[in-house]
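Next comes structure-v3.txt, a file with compact mmCIF, C-alpha atoms and all ligand atoms.
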# COMPACT_ATOMS: atom_id res chain seq x y z
CA MET H 104 16.50 -8.55 -2.24
CA ARG H 105 13.96 -7.26 -4.73
CA ALA H 106 11.04 -9.25 -5.97
CA ASP H 107 7.64 -8.77 -7.43
CA MET H 108 4.90 -8.83 -4.87
CA THR H 109 2.86 -11.95 -4.70
CA PRO H 110 -0.94 -11.65 -4.88
CA PRO H 111 -1.50 -12.88 -1.28
CA SER H 112 0.05 -9.65 0.03
CA ASP H 113 -2.77 -7.76 -1.66
CA PRO H 114 -4.86 -6.05 1.03
CA GLY H 115 -8.01 -6.39 -1.07
CA PRO H 116 -10.38 -3.80 -2.48
CA ALA H 117 -10.85 -1.94 0.81
CA ALA H 118 -7.34 -0.47 0.69
CA ALA H 119 -5.29 0.55 -2.32
CA ARG H 120 -2.71 -1.97 -3.44
CA GLU H 121 0.78 -1.81 -2.06
CA MET H 122 3.19 -0.62 -4.74
CA VAL H 123 6.35 -0.40 -2.64
CA ARG H 124 7.16 -2.22 0.53
CA VAL H 125 10.47 -1.58 2.25
CA GLU H 126 11.04 -4.07 5.07
CA HIS H 127 13.71 -3.64 7.73
CA VAL H 128 16.14 -2.11 5.25
CA SER H 129 19.60 -1.17 6.43
CA LYS H 130 22.42 0.19 4.33
CA ARG H 131 25.98 0.49 5.53
CA PHE H 132 28.74 2.53 3.93
CA SER H 133 32.39 2.55 4.78
CA LEU H 134 33.93 5.80 5.88
CA ARG H 135 36.93 6.01 3.64
CA HIS H 136 39.65 8.33 4.74
CA ASP H 137 42.66 9.37 2.76
CA HIS H 138 45.64 8.41 4.81
CA SER H 139 49.23 9.37 4.44
CA LEU H 140 51.90 6.77 5.08
CA LYS H 141 52.76 8.65 8.25
CA GLN H 142 49.16 8.39 9.52
CA LEU H 143 49.05 4.70 8.66
CA VAL H 144 52.27 3.97 10.56
CA PHE H 145 51.08 6.11 13.44
CA SER H 146 47.70 4.41 13.74
CA ALA H 147 49.33 0.98 13.40
CA LEU H 148 51.60 1.86 16.31
CA GLN H 149 48.63 3.11 18.34
CA ARG H 150 46.54 0.11 17.20
CA LYS H 151 43.73 2.41 16.11
CA LYS H 152 41.22 1.31 13.52
CA LEU H 153 41.17 3.47 10.41
CA ALA H 154 38.36 2.12 8.28
CA ASP H 155 34.93 2.31 9.82
CA THR H 156 31.39 1.85 8.66
CA PHE H 157 28.29 3.83 9.38
CA MET H 158 24.61 3.22 8.83
CA ALA H 159 23.12 5.38 6.07
CA LEU H 160 19.79 3.56 6.59
CA GLU H 161 18.83 1.69 9.72
CA ASP H 162 15.88 -0.68 9.94
CA VAL H 163 13.67 1.34 7.59
CA ASP H 164 10.07 0.18 7.06
CA LEU H 165 7.93 1.96 4.51
CA THR H 166 4.82 1.06 2.56
CA VAL H 167 3.56 3.11 -0.37
CA ARG H 168 0.12 2.35 -1.77
CA ALA H 169 -1.22 2.94 -5.28
CA GLY H 170 -2.07 6.56 -5.94
CA GLU H 171 -0.18 7.96 -2.96
CA THR H 172 2.33 10.78 -3.22
CA VAL H 173 4.74 10.28 -0.36
CA GLY H 174 7.23 13.02 0.52
CA LEU H 175 10.60 12.19 2.00
CA ILE H 176 12.27 14.92 4.04
CA GLY H 177 15.27 15.23 6.33
CA PHE H 178 18.48 17.16 6.72
CA ASN H 179 21.49 16.71 4.43
CA GLY H 180 22.94 13.24 4.80
CA SER H 181 19.88 11.79 6.54
CA GLY H 182 19.56 9.01 3.96
CA LYS H 183 16.83 10.25 1.58
CA SER H 184 18.72 9.61 -1.66
CA THR H 185 20.05 6.33 -0.31
CA LEU H 186 16.48 5.20 0.39
CA LEU H 187 15.27 6.23 -3.08
CA LYS H 188 18.22 4.46 -4.70
CA THR H 189 17.43 1.35 -2.68
CA ILE H 190 13.81 1.48 -3.87
CA SER H 191 14.88 1.99 -7.48
CA GLY H 192 17.36 -0.88 -7.32
CA VAL H 193 20.45 1.27 -7.91
CA LEU H 194 21.64 0.20 -4.44
CA PHE H 195 21.09 -3.10 -2.69
CA PRO H 196 20.25 -3.15 1.01
CA ASP H 197 22.66 -4.89 3.38
CA ASP H 198 19.72 -6.10 5.46
CA GLY H 199 16.01 -6.31 4.76
CA ARG H 200 14.29 -6.23 1.41
CA VAL H 201 12.37 -4.09 -1.05
CA LEU H 202 9.24 -5.39 -2.74
CA LEU H 203 7.85 -3.62 -5.78
CA ARG H 204 4.81 -3.90 -7.96
CA GLY H 205 5.22 -2.59 -11.49
CA LYS H 206 7.79 -0.49 -13.28
CA VAL H 207 9.80 2.08 -11.39
CA ALA H 208 11.24 5.16 -13.04
CA GLY H 209 12.79 8.11 -11.50
CA LEU H 210 15.04 11.03 -11.48
CA ILE H 211 17.36 9.94 -8.78
CA GLU H 212 20.01 12.40 -9.74
CA VAL H 213 19.69 15.12 -12.31
CA GLY H 214 20.94 13.71 -15.58
CA ALA H 215 22.09 10.37 -14.17
CA GLY H 216 22.38 8.20 -17.23
CA PHE H 217 23.16 11.18 -19.47
CA HIS H 218 26.40 11.00 -21.42
CA PRO H 219 28.28 14.32 -21.80
CA ASP H 220 29.72 13.51 -25.23
CA LEU H 221 26.36 12.69 -26.78
CA SER H 222 23.87 15.21 -28.08
CA GLY H 223 20.59 15.94 -26.33
CA ARG H 224 18.78 13.87 -28.96
CA GLU H 225 21.08 10.86 -28.50
CA ASN H 226 20.74 11.16 -24.74
CA VAL H 227 16.95 11.09 -24.96
CA TYR H 228 17.26 7.70 -26.66
CA LEU H 229 19.93 6.46 -24.24
CA ASN H 230 18.05 7.64 -21.16
CA GLY H 231 14.70 6.47 -22.48
CA ALA H 232 16.16 3.00 -23.00
CA ILE H 233 17.62 3.02 -19.47
CA LEU H 234 14.17 3.95 -18.14
CA GLY H 235 12.61 1.02 -19.98
CA MET H 236 11.23 2.53 -23.20
CA THR H 237 11.58 0.85 -26.57
CA ARG H 238 12.98 2.74 -29.56
CA GLU H 239 9.50 2.92 -31.10
CA GLN H 240 8.03 4.37 -27.90
CA ILE H 241 10.76 7.03 -27.80
CA ASP H 242 10.21 7.85 -31.50
CA GLU H 243 6.53 8.25 -30.77
CA ARG H 244 7.05 10.53 -27.76
CA PHE H 245 10.14 12.40 -28.96
CA ALA H 246 8.23 15.49 -30.11
CA ASP H 247 6.41 15.72 -26.75
CA ILE H 248 9.64 15.24 -24.80
CA LEU H 249 11.31 17.99 -26.79
CA ALA H 250 8.35 20.35 -26.53
CA PHE H 251 8.13 19.87 -22.78
CA SER H 252 11.85 20.57 -22.33
CA GLU H 253 11.72 23.77 -24.41
CA ILE H 254 15.35 23.36 -25.45
CA GLU H 255 14.51 22.75 -29.13
CA GLU H 256 17.38 24.58 -30.80
CA PHE H 257 19.98 22.88 -28.59
CA ILE H 258 18.77 19.31 -29.00
CA ASP H 259 21.66 18.41 -31.32
CA THR H 260 24.31 20.04 -29.13
CA ASP H 261 26.44 17.81 -26.88
CA VAL H 262 24.97 17.92 -23.40
CA LYS H 263 28.34 18.82 -21.88
CA TYR H 264 27.64 22.33 -23.18
CA TYR H 265 24.21 22.49 -21.52
CA SER H 266 23.54 24.68 -18.51
CA SER H 267 22.44 22.77 -15.40
CA GLY H 268 18.86 23.95 -15.94
CA MET H 269 18.83 22.75 -19.55
CA PHE H 270 20.19 19.42 -18.41
CA LEU H 271 17.42 19.15 -15.83
CA ARG H 272 14.75 20.12 -18.33
CA LEU H 273 15.69 17.37 -20.73
CA ALA H 274 16.17 14.76 -17.99
CA PHE H 275 12.83 15.61 -16.37
CA SER H 276 11.07 15.58 -19.75
CA VAL H 277 12.35 12.10 -20.55
CA ALA H 278 11.43 10.79 -17.11
CA VAL H 279 7.85 12.12 -17.13
CA HIS H 280 7.24 10.60 -20.54
CA THR H 281 8.23 7.07 -19.51
CA ASP H 282 4.87 6.13 -18.03
CA PRO H 283 6.13 4.40 -14.89
CA ASP H 284 3.92 2.78 -12.27
CA ILE H 285 6.08 4.22 -9.50
CA PHE H 286 7.75 7.55 -9.98
CA LEU H 287 10.74 8.51 -7.81
CA VAL H 288 11.84 12.15 -7.77
CA ASP H 289 14.93 13.33 -5.92
CA GLU H 290 15.40 17.06 -5.41
CA ILE H 291 15.06 18.08 -9.00
CA LEU H 292 12.61 20.90 -8.83
CA SER H 293 15.11 23.28 -7.29
CA VAL H 294 17.40 23.38 -10.33
CA GLY H 295 14.93 24.65 -12.91
CA ASP H 296 13.82 28.25 -13.20
CA GLU H 297 10.43 29.27 -11.82
CA PRO H 298 8.37 28.75 -15.00
CA PHE H 299 9.87 25.28 -15.43
CA GLN H 300 9.33 24.41 -11.75
CA ARG H 301 5.69 25.37 -12.18
CA LYS H 302 5.46 23.21 -15.27
CA CYS H 303 7.05 20.24 -13.46
CA LEU H 304 4.60 20.64 -10.60
CA GLU H 305 1.67 20.74 -13.02
CA ARG H 306 2.96 17.57 -14.63
CA ILE H 307 3.33 15.92 -11.23
CA ARG H 308 -0.26 16.91 -10.43
CA GLU H 309 -1.42 15.35 -13.71
CA LEU H 310 0.40 12.16 -12.78
CA GLN H 311 -1.27 12.29 -9.35
CA GLU H 312 -4.70 12.71 -10.92
CA ALA H 313 -3.97 9.79 -13.23
CA GLY H 314 -3.49 7.73 -10.06
CA ARG H 315 0.28 7.31 -10.31
CA THR H 316 2.31 6.45 -7.24
CA MET H 317 5.13 8.81 -6.31
CA VAL H 318 7.90 9.26 -3.79
CA VAL H 319 9.29 12.78 -3.84
CA VAL H 320 12.39 14.04 -2.03
CA SER H 321 12.80 17.77 -1.56
CA HIS H 322 14.05 20.44 0.81
CA GLU H 323 11.22 22.70 -0.32
CA LEU H 324 9.03 21.82 2.63
CA ASP H 325 6.09 24.13 1.87
CA MET H 326 5.84 22.81 -1.67
CA LEU H 327 5.95 19.19 -0.44
CA GLU H 328 3.39 19.84 2.27
CA HIS H 329 0.91 20.89 -0.42
CA LEU H 330 1.86 18.17 -2.88
CA CYS H 331 1.96 15.07 -0.70
CA SER H 332 -0.67 12.90 0.88
CA ARG H 333 1.87 11.73 3.45
CA ILE H 334 5.38 12.73 4.48
CA VAL H 335 8.13 10.62 6.00
CA VAL H 336 10.88 12.27 8.04
CA LEU H 337 14.33 10.68 8.08
CA ARG H 338 16.92 11.45 10.72
CA LYS H 339 20.34 9.83 10.58
CA GLY H 340 19.06 6.92 8.53
CA ARG H 341 15.98 6.23 10.63
CA ILE H 342 12.34 7.08 10.06
CA VAL H 343 11.25 9.36 12.90
CA PHE H 344 7.84 10.35 11.54
CA ASP H 345 5.43 9.00 8.93
CA GLY H 346 2.06 10.62 8.46
CA ASP H 347 0.30 13.96 8.10
CA PRO H 348 2.31 16.37 5.87
CA GLY H 349 1.82 19.39 8.15
CA GLU H 350 2.94 17.47 11.23
CA ALA H 351 5.90 16.04 9.34
CA VAL H 352 7.15 19.47 8.32
CA ALA H 353 6.63 20.76 11.87
CA THR H 354 8.58 17.77 13.23
CA LEU H 355 11.53 18.50 10.97
CA ARG H 356 11.47 22.23 11.66
CA ALA H 357 11.38 21.58 15.39
CA SER H 358 14.47 19.37 15.31
N1 LIG N 401 28.13 5.52 -2.22
C1 LIG N 401 28.36 5.97 -0.99
N2 LIG N 401 29.50 5.66 -0.33
C2 LIG N 401 29.71 6.09 0.93
N3 LIG N 401 28.87 6.87 1.61
C3 LIG N 401 27.73 7.23 0.99
C4 LIG N 401 27.41 6.82 -0.34
N4 LIG N 401 26.20 7.32 -0.67
C5 LIG N 401 25.78 8.02 0.39
N5 LIG N 401 26.68 7.98 1.40
C6 LIG N 401 26.54 8.59 2.72
O1 LIG N 401 25.29 8.21 3.26
C7 LIG N 401 24.70 9.27 4.01
C8 LIG N 401 23.33 9.54 3.48
O2 LIG N 401 23.46 10.12 2.21
P1 LIG N 401 22.22 10.52 1.29
O3 LIG N 401 22.77 10.95 -0.02
O4 LIG N 401 21.23 9.43 1.31
O5 LIG N 401 21.64 11.78 2.07
P2 LIG N 401 20.44 12.73 1.69
O6 LIG N 401 19.45 12.64 2.78
O7 LIG N 401 19.99 12.44 0.32
O8 LIG N 401 21.14 14.17 1.78
P3 LIG N 401 20.95 15.50 0.88
O9 LIG N 401 19.83 16.26 1.51
O10 LIG N 401 22.24 16.22 1.07
O11 LIG N 401 20.71 15.11 -0.53
C9 LIG N 401 25.69 10.44 3.89
O12 LIG N 401 26.47 10.47 5.06
C10 LIG N 401 26.52 10.10 2.69
O13 LIG N 401 27.83 10.62 2.80
MG MG N 402 20.09 13.49 -1.50
Represent the supplied structure as C-alpha cells.
Amino acid sequence: MRADMTPPSDPGPAAAREMVRVEHVSKRFSLRHDHSLKQLVFSALQRKKLADTFMALEDVDLTVRAGETVGLIGFNGSGKSTLLKTISGVLFPDDGRVLLRGKVAGLIEVGAGFHPDLSGRENVYLNGAILGMTREQIDERFADILAFSEIEEFIDTDVKYYSSGMFLRLAFSVAVHTDPDIFLVDEILSVGDEPFQRKCLERIRELQEAGRTMVVVSHELDMLEHLCSRIVVLRKGRIVFDGDPGEAVATLRAS
C-alpha cells in the first residue's frame, strides 16, 4: 500500500522529515520454469511441485530523510532494483507498505518509458509526461534537456537507432530536469562514457546541495562511498547493514 505520510509521523524540527518509509516490505516472485510435456508428466508421476516462489525482498524496513543520499548495494539478484521499483510504485509489495512524501522520479531502468519507434524529441515529451511534467514545463526545459544530453543532431532520429550511451544520455537528461522530491537512480552511471559519468555525478551533487533526497543503486562501490551519506547492503532480499558508507562497502566486500 502506498499513501502520503500524515503530519503526525513528522519527527519535528530536530530531525529532517521522513521522505520515504518502507515498512516490513516483502516481495515474492514465482520461479517460472519452461517445462516440456515429458517433464510435466514425469513430475506429476513423482508428485513433485514445479512452480515455486521465492522472496526477492523479505521484511525490509528503510527510512530515508529529506536531504539524504542513500546508497543501495548488494550482489546481482539481491533485490536492489526490486526495492527501488517498490518505492517508485512500479511494483506493489506482497506484505508491508511504502509511505512517501512528495513526488518521486527516477531512472529505474535505462530508457524505461522510451518508445523505440519515436524520435528522441517525441520521447522527451512522452518520458517527461510519465515523470509528471506538463507539456509547458517540458517546452520550457527542452533546450536544457537537449544541451545536457549532447545528442543535438540526433534528436529527431528514432531512438531505436541510438547507441546505449545515447539512450542513457537522453533518459538521464529528462530525469534530472523533472524536479522530483525523491530521486531514484538505478545503475545508470556505468553506461555513459567517462565525461558523461562525470557530468551526471556533478548534477547529482547539485541536487544534493539543493537538498534533494536520493536513493542510488550502483556496483561502483568507491563512487557510492564518496557520494552517499548512508549505505544499505542487501543480501538475498534482506537488509544486512544500514549505516556508515565505508563500513557498508567493507561489509559487502567481506561477504
Ligand atoms: N518481475 C519479476 N519476475 C520474477 N522474478 C523477478 C522479477 N523481477 C526480479 N526478479 C527476481 O528477483 C531477484 C532480485 O532481482 P533484482 O532485479 O531486484 O536484483 P538486483 O539486486 O537489482 O540485481 P542486479 O545487481 O543484477 O541489478 C532476482 O532473483 C530476480 O530474478
Ligand atoms: Mg538491478
Counting only C-alpha atoms and all ligand atoms, which residues of chain H fall within 12 Å of ligand MG 402 (chain N), and what is the closest atom pair for each with its distance in Å at one decimal, ordered by chain and rising number, as CSV?
residue,atom,partner,partner_atom,distance
H:Ala159,CA,N:MG402,MG,11.5
H:Leu175,CA,N:MG402,MG,10.2
H:Ile176,CA,N:MG402,MG,9.7
H:Gly177,CA,N:MG402,MG,9.4
H:Phe178,CA,N:MG402,MG,9.1
H:Asn179,CA,N:MG402,MG,6.9
H:Gly180,CA,N:MG402,MG,6.9
H:Ser181,CA,N:MG402,MG,8.2
H:Gly182,CA,N:MG402,MG,7.1
H:Lys183,CA,N:MG402,MG,5.5
H:Ser184,CA,N:MG402,MG,4.1
H:Thr185,CA,N:MG402,MG,7.3
H:Leu186,CA,N:MG402,MG,9.2
H:Leu187,CA,N:MG402,MG,8.9
H:Lys188,CA,N:MG402,MG,9.8
H:Leu210,CA,N:MG402,MG,11.5
H:Ile211,CA,N:MG402,MG,8.5
H:Glu212,CA,N:MG402,MG,8.3
H:Val213,CA,N:MG402,MG,10.9
H:Val288,CA,N:MG402,MG,10.4
H:Asp289,CA,N:MG402,MG,6.8
H:Glu290,CA,N:MG402,MG,7.1
H:Ile291,CA,N:MG402,MG,10.1
H:Val319,CA,N:MG402,MG,11.1
H:Val320,CA,N:MG402,MG,7.7
H:Ser321,CA,N:MG402,MG,8.5
H:His322,CA,N:MG402,MG,9.5
H:Leu337,CA,N:MG402,MG,11.5
Next on the checklist: For a quick check of your reading of the model, name the residues lying within 10 Å of the coordinate (24.9, -7.3, 3.7), counting all atoms listed in the file, and write them as JSON, numbers by chain.
Outcome noted: {"H": [129, 130, 131, 195, 196, 197, 198, 199]}
Next on the checklist: List the spatial neighbours of stretch 231-248 of chain H as a ChimeraX atom specification - criterion: any atom at most 10 Å away, all atoms listed in the file, same-chain residues fewer than 3 positions off excluded.
Outcome noted: /H:206-210,216-217,224-228,251-255,272-283
Checklist entry - When distances are computed from only C-alpha atoms, which of H:Cys331, H:Val318, H:Leu249, H:Val294 shows the smallest separation from H:Gly268? => result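 Counting only C-alpha atoms, the residue closest to H:Gly268 is H:Val294.
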Could you write out as JSON the box around ligand LIG 401 (chain N) (axis-aligned, all atoms listed in the file, 8 Å on each side), with centre and edge lengths in Å to one decimal?
{"center_x": 24.6, "center_y": 10.9, "center_z": 1.4, "size_x": 26.3, "size_y": 26.7, "size_z": 23.3}
Item to check | One-decimal distance in Å that lies between atom CA of H:Pro348 and atom CA of H:Glu328 | outcome: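 Taking atom CA of H:Glu328 and atom CA of H:Pro348, their separation equals 5.1 Å.
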Item to check | Best match for closeness to H:Thr189 among H:Asp284, H:Asp155, H:Glu126, H:Asp220, counting only C-alpha atoms | outcome: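 Smallest separation from H:Thr189 among the options: H:Glu126.
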Checklist entry - How many Å lie between atom CA of H:Leu287 and atom CA of H:Ile190, rounded to one decimal? => result 8.6 Å
Checklist entry - atom CA of H:Glu312 to atom CA of H:Phe286: how many Å, to one decimal? => result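 Result for atom CA of H:Glu312 versus atom CA of H:Phe286: 13.5 Å, one decimal.
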Checklist entry - For H:Leu165, which residue out of H:Arg341, H:Arg204, H:Lys302, H:Arg356 is the nearest one, using only C-alpha atoms? => result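 Closest candidate: H:Arg341.
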Item to check | Selection: 9 Å around H:Ser133, all atoms listed in the file, excl. self and same-chain fewer than 5 positions, as a list in words | outcome: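 Answer for this query is Ala154, Asp155, Thr156, Phe157 and Met158 of chain H.
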Item to check | Nearest-residue call for H:Gly295, choices H:Leu160, H:Leu271, H:Ala169, H:Val336, using all atoms listed in the file | outcome: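 Result for the nearest residue to H:Gly295: H:Leu271.
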Next on the checklist: I need the residue nearest ligand LIG 401 (chain N) from this list: H:Ile342, H:Val352, H:Ala119, H:Val173. Use all atoms listed in the file for the distance.
Outcome noted: H:Ile342
